[in-house]
Number of protein chains: 2
Amino acid sequence: MVRPNAGTKGVPRLDRETQILDIASQQFGTHGFAATSVAAIADQAGISKPLIYNYFGSKEGLYEACLDRGGALLADEIERIARGDAVGIERGMATLAGMFTLLEPQPYLWRLFFDPTAPSTGPIADSIALYAERIGKLADEGVTELMGLAGNDDPLDISAMTAVWLGIVDSLMNWWMEHPDESAEQMMQRCMRLLTALFGGDTE
Amino acid sequence: MVRPNAGTKGVPRLDRETQILDIASQQFGTHGFAATSVAAIADQAGISKPLIYNYFGSKEGLYEACLDRGGALLADEIERIARGDAVGIERGMATLAGMFTLLEPQPYLWRLFFDPTAPSTGPIADSIALYAERIGKLADEGVTELMGLAGNDDPLDISAMTAVWLGIVDSLMNWWMEHPDESAEQMMQRCMRLLTALFGGDTE
DNA sequence: CTGATATGACCTTTGGGTAAGTTACCACGC
DNA sequence: GCGTGGTAACTTACCCAAAGGTCATATCAG
C-alpha cells in the first residue's frame with residue numbers, strides 16, 4: 001500500500017516539540033484540560049496523534065510539559081519582581097506590568113495553572129500545585145505586606161485578599177484574550193487608569 | 001427476572017427534578033460542564049441515568065435547566081439591588097452583600113455562567129449569553145457610574161473594569177467554596193475589612 | 001388498567017492510547 | 001560513487017473504556 005506522507009517531513013524533534021507545546025498550551029489554556037482533545041492539537045499542528053504520544057507519552061504528560069514550560073516562565077518573572085523594592089499597590093502594578101510584557105503573545109498561559117478541569121490527583125496536580133503555590137506564595141507575600149500597612153494581619157483576610165488579587169489578574173488576562181489587538185503597554189496604561197479611577201490618582 | 005426497585009420510590013416528578021437540579025448545579029458549578037458526567041449525577045441522587053434523560057432530555061437540557069433556575073435567581077437579585085440608590089463602590093458592596101446572602105448555601109451557582117468548558121454554540125450558549133449579559137449589563141451600568149465619578153468614560157476602560165469586577169466576585173465565590181464554614185455575614189464583613197485595608201476606611 | 005415513576009441492558013460516539021509499518025536520511029565500508 | 005544498515009520522523013489502522021443516549025420493561029397508586 002502507498003503511504004505518501006509517512007516520515008517525509010523531517011522536522012527535528014525539538015522544533016516539533018516546541019510547536020506542539022505552543023499549540024497545546026493555547027488549546028489547554030483557552031478551553032481547559034478536559035475540553036481539549038489530543039486529536040485536535042494534532043490537527044492544528046498538521047501532524048498525527050501518535051507523534052504526540054511518541055514525544056510526550058500521554059495527554060497528561062503533554063499538559064505537564066506545558067505546565068513546566070509556562071510555570072517556569074511565570075514564576076521566574078514574578079520572583080524577579082518580588083526581589084525589587086516596590087511595596088503594596090505599587091508592587092502589584094509592577095507585577096502586572098511584568099505579566100503583561102511576559103505574556104504579550106500568549107495570555108492564555110496564565111490559565112493553565114487555574115484550570116478547574118485539570119486532574120486533581122497525580123503528577124499533574126503535583127505540578128500545578130508546585131507552580132500555583134510558587135506563584136501564590138509570592139502573591140501572598142505581597143498581599144501580606146499590603147495588609148500589614150493597613151494594620152490587618154488576619155490570616156483568613158490575607159488568604160481572601162490573595163484570592164481576589166489572583167482573580168483580578170485572571171480577569172485581566174481573560175479580557176486581554178478577548179482583545180488581542182491590545183499591546184502589553186496599552187494594557188498597563190489601562191490598568192493605571194482603572195487604578196486612578198478607583199483611588200483618585202495618588203499612585204506611583 | 002426480579003427488579004426489586006423499579007418504580008417503587010414514588011417520588012413526585014417536581015420533587016425529583018428539584019433534587020436533580022440541586023445536585024447537577026453543584027457538580028457543574030464545581031467541576032465544569034465537560035468534566036461532569038450524567039452518570040455521576042444520577043449516582044449522587046440515588047437514581048438511574050434514564051430518569052434524568054426522561055425528565056431533562058439530554059445533558060445539555062439538564063445544564064440549561066440549571067442555568068434557568070440559577071440565572072433567574074442571580075439576575076433578579078442583582079436587578080433588585082440596581083434599583084436601589086447606592087452608587088459607585090457602595091453599590092458594589094451592596095451587590096456583594098446580596099450575592100452572599102442569596103448564594104449562602106450554593107456559591108457554586110455563580111460559576112455556571114462563567115464556565116469555559118460549556119458548549120460555545122447552541123441553546124446552552126444562548127442561555128448563558130442571556131443571563132451573563134443580563135448580569136454583565138448591570139455590572140457594566142454600575143461600573144460606568146463609578147468610572148463616570150472619576151471622569152473616565154472610555155468604553156474599553158469600562159469594559160475592562162467590568163471584567164475585573166466580575167473577576168473579583170468570581171474569586172470571592174471560589175474562595176467561599178473553599179471555606180464552606182463561612183457565613184454570608186462573615187464574608188460580607190471580611191469584604192468590608194479588605195476594602196478598608198485598600199482605601200483606608202472611608203466607605204459606607 | 002392506566003399513567004407516573006423508575007430501572008437494567010443495551011447502543012453509539014468520542015477520545016485516550018497502541019501496534020506495526022513506512023519514509024527519509026545519514027554514516028560507513030568498499 | 002554506491003549499496004547497506006541503523007535511526008529518527010511519521011502515519012494508518014486499530015483497540016478499548018468512558019460517557020452520552022435509548023428501549024423495553026417493571027412496579028405501584030388510584
# chains A, B, ... in the order shown; residues from 1 in each chain; ligands from 1
>>> interface_residues(of="chain C", to="chain B", cutoff="9 Å", atoms="only C-alpha atoms (C1' of nucleotides)", output="list in words")
DA4, DT5, DA6, DT7 and DG8 of chain C
>>> interface_residues(of="chain B", to="chain A", cutoff="7 Å", atoms="only C-alpha atoms", output="list in words")
His31, Gly32, Ala34, Ala35, Pro116, Thr117, Met147, Ala150, Asp157, Ala160, Met161, Ala163, Val164, Gly167, Ile168, Ser171, Leu172, Trp175, Arg190, Leu194 and Ala197 of chain B
>>> write_last_selection(atoms="C-alpha atoms", output="mmCIF file, in the first residue's frame")
data_model
loop_
_atom_site.group_PDB
_atom_site.id
_atom_site.type_symbol
_atom_site.label_atom_id
_atom_site.label_comp_id
_atom_site.auth_asym_id
_atom_site.auth_seq_id
_atom_site.Cartn_x
_atom_site.Cartn_y
_atom_site.Cartn_z
ATOM 1 C CA HIS B 31 -16.174 20.744 38.113
ATOM 2 C CA GLY B 32 -17.449 22.427 34.967
ATOM 3 C CA ALA B 34 -17.228 18.981 30.349
ATOM 4 C CA ALA B 35 -15.797 17.302 33.427
ATOM 5 C CA PRO B 116 -15.177 27.865 29.747
ATOM 6 C CA THR B 117 -15.973 24.167 29.163
ATOM 7 C CA MET B 147 -15.893 55.474 36.319
ATOM 8 C CA ALA B 150 -13.747 59.754 38.250
ATOM 9 C CA ASP B 157 -11.690 51.051 30.153
ATOM 10 C CA ALA B 160 -12.040 46.049 31.318
ATOM 11 C CA MET B 161 -13.150 47.342 34.690
ATOM 12 C CA ALA B 163 -14.377 42.249 33.679
ATOM 13 C CA VAL B 164 -12.242 42.934 36.737
ATOM 14 C CA GLY B 167 -13.467 38.537 38.336
ATOM 15 C CA ILE B 168 -13.439 39.824 41.893
ATOM 16 C CA SER B 171 -12.685 34.848 43.067
ATOM 17 C CA LEU B 172 -14.655 35.598 46.220
ATOM 18 C CA TRP B 175 -12.691 31.353 47.989
ATOM 19 C CA ARG B 190 -14.453 40.273 55.543
ATOM 20 C CA LEU B 194 -10.458 44.181 52.710
ATOM 21 C CA ALA B 197 -7.313 47.896 54.040
#
>>> closest_residue(among="A:Leu21, A:Arg80, A:Ile52, A:Asp153", to="chain D", atoms="only C-alpha atoms (C1' of nucleotides)")
A:Ile52
>>> interface_residues(of="chain D", to="chain A", cutoff="9 Å", atoms="only C-alpha atoms (C1' of nucleotides)", output="short mmCIF file (atom, residue, chain, number, x, y, z; two decimals) with C-alpha atoms (C1' of nucleotides), in the first residue's frame")
data_model
loop_
_atom_site.label_atom_id
_atom_site.label_comp_id
_atom_site.auth_asym_id
_atom_site.auth_seq_id
_atom_site.Cartn_x
_atom_site.Cartn_y
_atom_site.Cartn_z
"C1'" DA D 8 14.71 9.49 13.66
"C1'" DA D 9 10.40 11.15 12.00
"C1'" DC D 10 5.91 9.99 10.89
"C1'" DT D 11 1.49 7.57 9.60
"C1'" DT D 12 -2.60 4.32 9.06
#
>>> select_by_dssp(residues="segment 35-202 of chain A", states="helix (DSSP H, G or I)", output="number ranges by chain")
A: 38-45, 49-56, 59-82, 89-102, 107-114, 123-149, 155-178, 184-199
>>> write_last_selection(atoms="C-alpha atoms", output="CSV table (one decimal), in the first residue's frame")
chain,number,residue,atom,x,y,z
A,38,VAL,CA,-5.2,15.4,21.7
A,39,ALA,CA,-6.5,14.8,18.2
A,40,ALA,CA,-7.5,18.5,17.9
A,41,ILE,CA,-4.0,19.5,18.8
A,42,ALA,CA,-2.5,17.1,16.3
A,43,ASP,CA,-4.8,18.5,13.6
A,44,GLN,CA,-3.8,22.1,14.3
A,45,ALA,CA,-0.1,21.1,14.2
A,49,LYS,CA,-1.8,11.8,17.1
A,50,PRO,CA,0.7,9.1,17.6
A,51,LEU,CA,3.6,11.5,17.1
A,52,ILE,CA,2.4,13.5,20.1
A,53,TYR,CA,2.2,10.3,22.2
A,54,ASN,CA,5.6,9.3,21.0
A,55,TYR,CA,7.1,12.6,22.2
A,56,PHE,CA,5.0,13.2,25.3
A,59,LYS,CA,-2.3,13.7,27.4
A,60,GLU,CA,-1.3,14.3,31.0
A,61,GLY,CA,2.4,14.2,30.0
A,62,LEU,CA,1.7,16.8,27.4
A,63,TYR,CA,-0.1,19.0,29.8
A,64,GLU,CA,2.7,18.6,32.3
A,65,ALA,CA,5.2,19.7,29.7
A,66,CYS,CA,3.1,22.8,29.1
A,67,LEU,CA,3.0,23.5,32.8
A,68,ASP,CA,6.7,23.1,33.2
A,69,ARG,CA,7.5,25.5,30.4
A,70,GLY,CA,4.9,28.1,31.3
A,71,GLY,CA,5.3,27.8,35.0
A,72,ALA,CA,9.0,28.4,35.0
A,73,LEU,CA,8.4,31.5,32.8
A,74,LEU,CA,5.7,32.9,35.1
A,75,ALA,CA,7.2,32.1,38.4
A,76,ASP,CA,10.7,33.3,37.5
A,77,GLU,CA,9.3,36.6,36.3
A,78,ILE,CA,7.2,37.1,39.4
A,79,GLU,CA,10.1,36.2,41.6
A,80,ARG,CA,12.3,38.7,39.8
A,81,ILE,CA,9.8,41.4,40.5
A,82,ALA,CA,9.4,40.4,44.1
A,89,ILE,CA,-0.2,48.6,45.4
A,90,GLU,CA,2.9,49.6,43.7
A,91,ARG,CA,4.3,46.1,43.8
A,92,GLY,CA,1.0,44.8,42.4
A,93,MET,CA,1.3,47.1,39.5
A,94,ALA,CA,4.9,46.2,38.9
A,95,THR,CA,3.9,42.5,38.9
A,96,LEU,CA,1.1,43.3,36.4
A,97,ALA,CA,3.5,45.1,34.1
A,98,GLY,CA,5.8,42.2,34.2
A,99,MET,CA,3.0,39.7,33.4
A,100,PHE,CA,1.7,41.8,30.5
A,101,THR,CA,5.2,42.0,29.0
A,102,LEU,CA,5.9,38.4,29.5
A,107,PRO,CA,-2.1,35.5,27.8
A,108,TYR,CA,-3.7,32.1,27.9
A,109,LEU,CA,-0.6,30.6,29.6
A,110,TRP,CA,-1.8,32.1,32.9
A,111,ARG,CA,-4.9,29.9,32.8
A,112,LEU,CA,-3.0,26.6,32.7
A,113,PHE,CA,-2.5,26.9,36.4
A,114,PHE,CA,-6.0,27.8,37.4
A,123,PRO,CA,1.5,14.2,38.6
A,124,ILE,CA,-0.4,17.0,37.0
A,125,ALA,CA,-2.0,18.0,40.3
A,126,ASP,CA,1.5,17.9,41.8
A,127,SER,CA,3.0,20.0,39.1
A,128,ILE,CA,0.1,22.5,39.2
A,129,ALA,CA,0.4,22.7,43.0
A,130,LEU,CA,4.1,23.3,42.7
A,131,TYR,CA,3.8,26.3,40.4
A,132,ALA,CA,0.5,27.6,41.7
A,133,GLU,CA,2.0,27.6,45.2
A,134,ARG,CA,5.1,29.3,44.0
A,135,ILE,CA,3.0,32.0,42.3
A,136,GLY,CA,0.5,32.0,45.1
A,137,LYS,CA,3.2,32.3,47.8
A,138,LEU,CA,4.6,35.5,46.1
A,139,ALA,CA,1.1,36.9,45.8
A,140,ASP,CA,0.5,36.1,49.5
A,141,GLU,CA,3.8,37.8,50.4
A,142,GLY,CA,2.8,41.0,48.5
A,143,VAL,CA,-0.7,40.9,50.0
A,144,THR,CA,0.6,40.4,53.5
A,145,GLU,CA,2.8,43.5,53.1
A,146,LEU,CA,-0.2,45.5,51.8
A,147,MET,CA,-2.5,44.4,54.5
A,148,GLY,CA,0.2,45.0,57.1
A,149,LEU,CA,0.4,48.6,56.1
A,155,PRO,CA,-4.7,35.1,58.0
A,156,LEU,CA,-8.1,34.5,56.5
A,157,ASP,CA,-8.4,38.1,55.4
A,158,ILE,CA,-5.0,37.8,53.8
A,159,SER,CA,-6.0,34.5,52.1
A,160,ALA,CA,-9.1,36.0,50.7
A,161,MET,CA,-7.3,39.1,49.5
A,162,THR,CA,-4.7,36.9,47.8
A,163,ALA,CA,-7.5,35.1,46.0
A,164,VAL,CA,-9.1,38.4,44.9
A,165,TRP,CA,-5.7,39.6,43.6
A,166,LEU,CA,-5.2,36.4,41.6
A,167,GLY,CA,-8.8,36.8,40.4
A,168,ILE,CA,-8.0,40.3,39.2
A,169,VAL,CA,-5.0,39.1,37.3
A,170,ASP,CA,-7.1,36.3,35.9
A,171,SER,CA,-9.8,38.5,34.7
A,172,LEU,CA,-7.4,40.9,33.1
A,173,MET,CA,-5.8,38.0,31.2
A,174,ASN,CA,-9.2,36.9,30.1
A,175,TRP,CA,-10.1,40.3,28.9
A,176,TRP,CA,-6.9,40.5,27.1
A,177,MET,CA,-7.6,37.3,25.3
A,178,GLU,CA,-10.8,38.8,24.1
A,184,ALA,CA,1.2,45.0,26.8
A,185,GLU,CA,1.9,48.7,27.0
A,186,GLN,CA,-1.7,49.6,26.3
A,187,MET,CA,-2.9,47.1,28.9
A,188,MET,CA,-0.6,48.6,31.5
A,189,GLN,CA,-1.7,52.1,30.8
A,190,ARG,CA,-5.3,50.9,31.0
A,191,CYS,CA,-4.7,49.4,34.4
A,192,MET,CA,-3.1,52.6,35.6
A,193,ARG,CA,-6.2,54.5,34.6
A,194,LEU,CA,-8.5,52.0,36.3
A,195,LEU,CA,-6.5,52.3,39.5
A,196,THR,CA,-6.7,56.1,39.2
A,197,ALA,CA,-10.4,55.9,38.8
A,198,LEU,CA,-10.6,53.9,42.0
A,199,PHE,CA,-8.2,55.8,44.2
